[in-house]
Amino acid sequence: MAAHFGRRLRKGAATTAVAAAAVAALSASQAPGAAGEDPGRPASAGVGTPVPDAPSGGDATGNSPYYTDLPPLNSPNPSPSSKAGDPVARGEAEAGIPATVLDAYKKAEAELRSSKPGCNLPWQLLAAIGKVESGQARGGRVDADGTTLGRILGPQLDGNGFALIKDTDHGEFDGNSHYDQAIGPMQFIPSTWAWAGRDGNADGKADPNNVYDAALAAGHYLCRNDWDMSTEPGLHSAILSYNNSQDYLNLVLNWLHYYRKGTHSVPDGSGGAPGRRSDDGTPRPHTPAPADPPGTKPGNQPDPKPKPAPKPAPKPDPKPQQPGGGGQSPDPQPSEPPVPPKQPTPSETVDHLEDAGTAQLTAMAGDAFGERIGTRAETRAGTAVAKVRIRFTITGDTDAAFAGGESVATVATDAKGVALAPALQAGEKTGDFKITTAVVGHQVKAVGYTATVTARAADTLSRTGDTELTCTPGGEFAEQVQVEATYKGAAADRVAATATLIRTADDATENDKGPYFKDADGRTVRTLTGLMTDSEGRLTLPELYADDTTGTFLLRVTTPGGGTVTVELRVAAADAPASPSPSPSATATS
């Protein structure tokens, strides 16, 4: 059932032949072209056969167990209403998706359409995976906020029939302080949720038990490698990255095809529960109850009612028994040992977050920030706390992102209690934006950061040619002025520039005579703004014209960052000799 993020569960024995045959039959009859053979892979790949060239999410080699229920062969499209105001027929029950779960899938699709438009993720893919992983959160057993009523846990990953994954979250999510267990409606392993978790319902936390959070996290996981879900290779690669099994791919594609034909909303809790699992028939040892129950988290249901205290043992008969009279009196039952108090998790010991020496965060548009954010988790006494997950969230009207294009990143603190956020990448929007911090699963006083994106700049401008630029009065210059911009020796692309016909080298005000440009309406202009260098840092100015004034004039081009170049323009009669210096009639000097 667990998505094998970071690590996969290992399936003990082959899936039942019945399920395999059903998948094959359904692939052939119901979804032609959607769940058929993968190019380059043997057609005889059996149940549980890994796909050799599929992307791997970790170092385990087995597939995750999942539910193998098949979609019906009939179309799920509901019949139209026969009478105005009457509800439409619901059609196939399997096409119904619990209302809150369906809303979570659609909201995740909308967010990814904005943040990762090239992924083209359909919400029906999330629904197909949610069906296979947890039966749509066990038929929609969620509260009004989308949190499951009770945890959905995969097997204990203790190496006994499954992969060995020792505890990575101190039991915070799965309640197991010894081994990891996949958790939630999309079956994340805690170690992967630490970096893949998302806040899908804007409540300030990322909870794998919440269908909004889990659906958005699954969407970002599927889109993380720039796969395009509108193409078969991209879609197949993404699904196989969730579980590297050809049978899993076929099954998810069948549910995707089924949901695309039509779905409808059903009340929460009324959805059908899954039946068969891919590891049915595999001996599974009893998973003992976790030694350390998870800390109380908003939205989680309380544990079942406590067991009643044991009845006191009957008092022994004070009269000694005679030989042969039924044996010795029973010993009194020993009293139960006291339950040790629950030890707080590392995150629960954190009192506040402190900046860990982060320098000024400034970068030019399109560049990576040279400084990374460092945040330290501390107790009330100021002691550093290790192995605490810190969530960094970019806020504000900005297109800046962490490495990989994400606006949220979760990093665990090191032995010194410091979490170093991924590198920040500036977008094209200039100005300030903020980065907020939080301890995952525990509310404490946090620290915030402000970052600044400045305009693209060039510190050097130079003319690309050295041909003298001349024109006769009332004519047009034969050659356009071209300059190239660099910043710290590298080509400065997409840098804004301004070109002005100036009076003199010491007077940069606009000249009122001499050469000029034309605007779109053919009117004379001597200052151009909004110019921009190309991908190679070059800028070619529009054509220049001359009025009737003769002499040598100056054109100055400037950019943010201090780049400037001044170009001489000479206007003279056709038979006039070249002048080594500006003529008296010109108001500009070189």
# chains A, B, ... in the order shown; residues from 1 in each chain; ligands from 1
$ residues_around --residues "Ala218 of chain A" --least-positions-apart "6" --cutoff "9 Å" --atoms "only C-alpha atoms" --output "PDB file with all heavy atoms, in the first residue's frame"
ATOM      1  N   ALA A 108      -5.582  20.074  -5.773  1.00  0.00           N
ATOM      2  CA  ALA A 108      -4.174  19.784  -6.059  1.00  0.00           C
ATOM      3  C   ALA A 108      -3.877  20.004  -7.540  1.00  0.00           C
ATOM      4  O   ALA A 108      -2.841  20.570  -7.903  1.00  0.00           O
ATOM      5  CB  ALA A 108      -3.840  18.353  -5.649  1.00  0.00           C
ATOM      6  N   LEU A 126      -4.434  11.403  -9.643  1.00  0.00           N
ATOM      7  CA  LEU A 126      -4.382  11.347  -8.187  1.00  0.00           C
ATOM      8  C   LEU A 126      -5.482  10.437  -7.651  1.00  0.00           C
ATOM      9  O   LEU A 126      -5.277   9.677  -6.694  1.00  0.00           O
ATOM     10  CB  LEU A 126      -4.530  12.751  -7.602  1.00  0.00           C
ATOM     11  CG  LEU A 126      -3.413  13.743  -7.937  1.00  0.00           C
ATOM     12  CD1 LEU A 126      -3.762  15.117  -7.377  1.00  0.00           C
ATOM     13  CD2 LEU A 126      -2.075  13.264  -7.398  1.00  0.00           C
ATOM     14  N   MET A 186      -2.358   8.616   0.821  1.00  0.00           N
ATOM     15  CA  MET A 186      -1.477   8.400  -0.329  1.00  0.00           C
ATOM     16  C   MET A 186      -0.251   7.586   0.053  1.00  0.00           C
ATOM     17  O   MET A 186       0.667   7.434  -0.742  1.00  0.00           O
ATOM     18  CB  MET A 186      -1.065   9.740  -0.946  1.00  0.00           C
ATOM     19  CG  MET A 186      -2.234  10.605  -1.402  1.00  0.00           C
ATOM     20  SD  MET A 186      -3.367   9.819  -2.564  1.00  0.00           S
ATOM     21  CE  MET A 186      -2.501  10.079  -4.106  1.00  0.00           C
ATOM     22  N   PHE A 188       2.535   7.695   2.221  1.00  0.00           N
ATOM     23  CA  PHE A 188       3.906   8.183   2.249  1.00  0.00           C
ATOM     24  C   PHE A 188       4.695   7.506   3.369  1.00  0.00           C
ATOM     25  O   PHE A 188       4.165   7.283   4.465  1.00  0.00           O
ATOM     26  CB  PHE A 188       3.938   9.697   2.488  1.00  0.00           C
ATOM     27  CG  PHE A 188       3.710  10.515   1.267  1.00  0.00           C
ATOM     28  CD1 PHE A 188       2.443  10.995   0.968  1.00  0.00           C
ATOM     29  CD2 PHE A 188       4.750  10.833   0.415  1.00  0.00           C
ATOM     30  CE1 PHE A 188       2.219  11.767  -0.153  1.00  0.00           C
ATOM     31  CE2 PHE A 188       4.537  11.607  -0.711  1.00  0.00           C
ATOM     32  CZ  PHE A 188       3.279  12.078  -0.996  1.00  0.00           C
ATOM     33  N   ALA A 196       8.786  15.826   1.078  1.00  0.00           N
ATOM     34  CA  ALA A 196       7.730  15.931   0.061  1.00  0.00           C
ATOM     35  C   ALA A 196       6.439  16.515   0.607  1.00  0.00           C
ATOM     36  O   ALA A 196       5.552  16.867  -0.160  1.00  0.00           O
ATOM     37  CB  ALA A 196       7.439  14.550  -0.536  1.00  0.00           C
ATOM     38  N   GLY A 197       6.303  16.622   1.931  1.00  0.00           N
ATOM     39  CA  GLY A 197       5.051  17.080   2.516  1.00  0.00           C
ATOM     40  C   GLY A 197       4.645  18.472   2.069  1.00  0.00           C
ATOM     41  O   GLY A 197       5.479  19.339   1.842  1.00  0.00           O
ATOM     42  N   ARG A 198       3.355  18.692   1.926  1.00  0.00           N
ATOM     43  CA  ARG A 198       2.816  19.982   1.504  1.00  0.00           C
ATOM     44  C   ARG A 198       1.622  20.346   2.379  1.00  0.00           C
ATOM     45  O   ARG A 198       0.959  19.484   2.936  1.00  0.00           O
ATOM     46  CB  ARG A 198       2.334  19.941   0.034  1.00  0.00           C
ATOM     47  CG  ARG A 198       3.420  19.739  -1.002  1.00  0.00           C
ATOM     48  CD  ARG A 198       4.342  20.935  -1.074  1.00  0.00           C
ATOM     49  NE  ARG A 198       5.284  20.848  -2.175  1.00  0.00           N
ATOM     50  CZ  ARG A 198       6.418  20.153  -2.160  1.00  0.00           C
ATOM     51  NH1 ARG A 198       6.735  19.455  -1.083  1.00  0.00           N
ATOM     52  NH2 ARG A 198       7.226  20.134  -3.193  1.00  0.00           N
ATOM     53  N   TYR A 242       6.277   6.026  -8.593  1.00  0.00           N
ATOM     54  CA  TYR A 242       5.485   5.842  -7.379  1.00  0.00           C
ATOM     55  C   TYR A 242       5.576   4.403  -6.897  1.00  0.00           C
ATOM     56  O   TYR A 242       5.624   4.140  -5.695  1.00  0.00           O
ATOM     57  CB  TYR A 242       4.028   6.212  -7.667  1.00  0.00           C
ATOM     58  CG  TYR A 242       3.292   6.855  -6.529  1.00  0.00           C
ATOM     59  CD1 TYR A 242       3.263   8.236  -6.388  1.00  0.00           C
ATOM     60  CD2 TYR A 242       2.622   6.099  -5.589  1.00  0.00           C
ATOM     61  CE1 TYR A 242       2.580   8.839  -5.341  1.00  0.00           C
ATOM     62  CE2 TYR A 242       1.941   6.690  -4.544  1.00  0.00           C
ATOM     63  CZ  TYR A 242       1.921   8.056  -4.423  1.00  0.00           C
ATOM     64  OH  TYR A 242       1.245   8.655  -3.379  1.00  0.00           O
TER      65      TYR A 242
END
$ residues_around --residues "Ala497 of chain A" --least-positions-apart "4" --cutoff "10 Å" --atoms "only C-alpha atoms" --output "list in words"
Ala457, Ala458, Ala485, Leu528, Thr529, Gly530, Leu531, Met532, Thr533, Leu539, Val557, Thr558, Thr559, Pro560, Gly563 and Thr564 of chain A
$ residues_around --residues "Asn201 of chain A" --least-positions-apart "4" --cutoff "9 Å" --atoms "only C-alpha atoms" --output "list of chain:residue names"
A:Ala104, A:Asp145, A:Gly146, A:Lys205, A:Ala206, A:Asn210, A:Val211, A:Tyr212, A:Asp213
$ atom_distance --atom1 "atom CA of Leu149 of chain A" --atom2 "atom CA of Ala217 of chain A"
19.6 Å
$ residues_around --residues "Leu554 of chain A" --least-positions-apart "2" --cutoff "7 Å" --atoms "only C-alpha atoms" --output "MDAnalysis selection string"
chainID A and resid 501:502 504 556 566:569 588 590
$ select_by_dssp --residues "segment 352-436 of chain A" --states "strand (DSSP E or B)" --output "PyMOL selection string"
chain A and resi 352-355+361-364+368+374-378+384+389-395+401-402+406+408-412+418-420+424-425+431-436
$ atom_distance --atom1 "atom CA of Gln181 of chain A" --atom2 "atom CA of Asp167 of chain A"
8.4 Å
$ closest_residue --among "A:Gln425, A:Ser407, A:Gln246, A:Thr147" --to "Ala368 of chain A" --atoms "only C-alpha atoms"
A:Gln425
$ atom_distance --atom1 "atom CA of Gly96 of chain A" --atom2 "atom CA of Val266 of chain A"
5.5 Å
$ closest_residue --among "A:His442, A:Lys261, A:Lys513, A:Arg570" --to "Glu172 of chain A" --atoms "only C-alpha atoms"
A:His442
$ closest_residue --among "A:Asn225, A:Thr413, A:Thr450, A:Thr470" --to "Cys119 of chain A" --atoms "only C-alpha atoms"
A:Asn225
$ closest_residue --among "A:Asp414, A:Asp506, A:Glu111, A:Asp397" --to "Ala215 of chain A" --atoms "only C-alpha atoms"
A:Glu111
$ residues_around --residues "Gly475 of chain A" --least-positions-apart "2" --cutoff "7 Å" --atoms "only C-alpha atoms" --output "ChimeraX atom specification"
/A:471-473,477,545-546
$ residues_around --residues "Arg224 of chain A" --least-positions-apart "6" --cutoff "12 Å" --atoms "only C-alpha atoms" --output "list of chain:residue names"
A:Gly57, A:Leu112, A:Ser115, A:Lys116, A:Gly118, A:Cys119, A:Leu121, A:Trp195, A:Ala196, A:Ala217, A:Ala218, A:Gly234, A:Ser237, A:Ala238, A:Ser241, A:Tyr242, A:Ala403, A:Gly404, A:Gly405, A:Glu406
$ closest_residue --among "A:Val444, A:Val418, A:Ala423, A:Leu70" --to "Leu253 of chain A" --atoms "only C-alpha atoms"
A:Leu70
$ residues_around --residues "Pro122 of chain A" --least-positions-apart "3" --cutoff "12 Å" --atoms "only C-alpha atoms" --output "PyMOL selection string"
chain A and resi 105-113+117-119+125-129+215+219+222-223+228-231+235+256-257+259-260
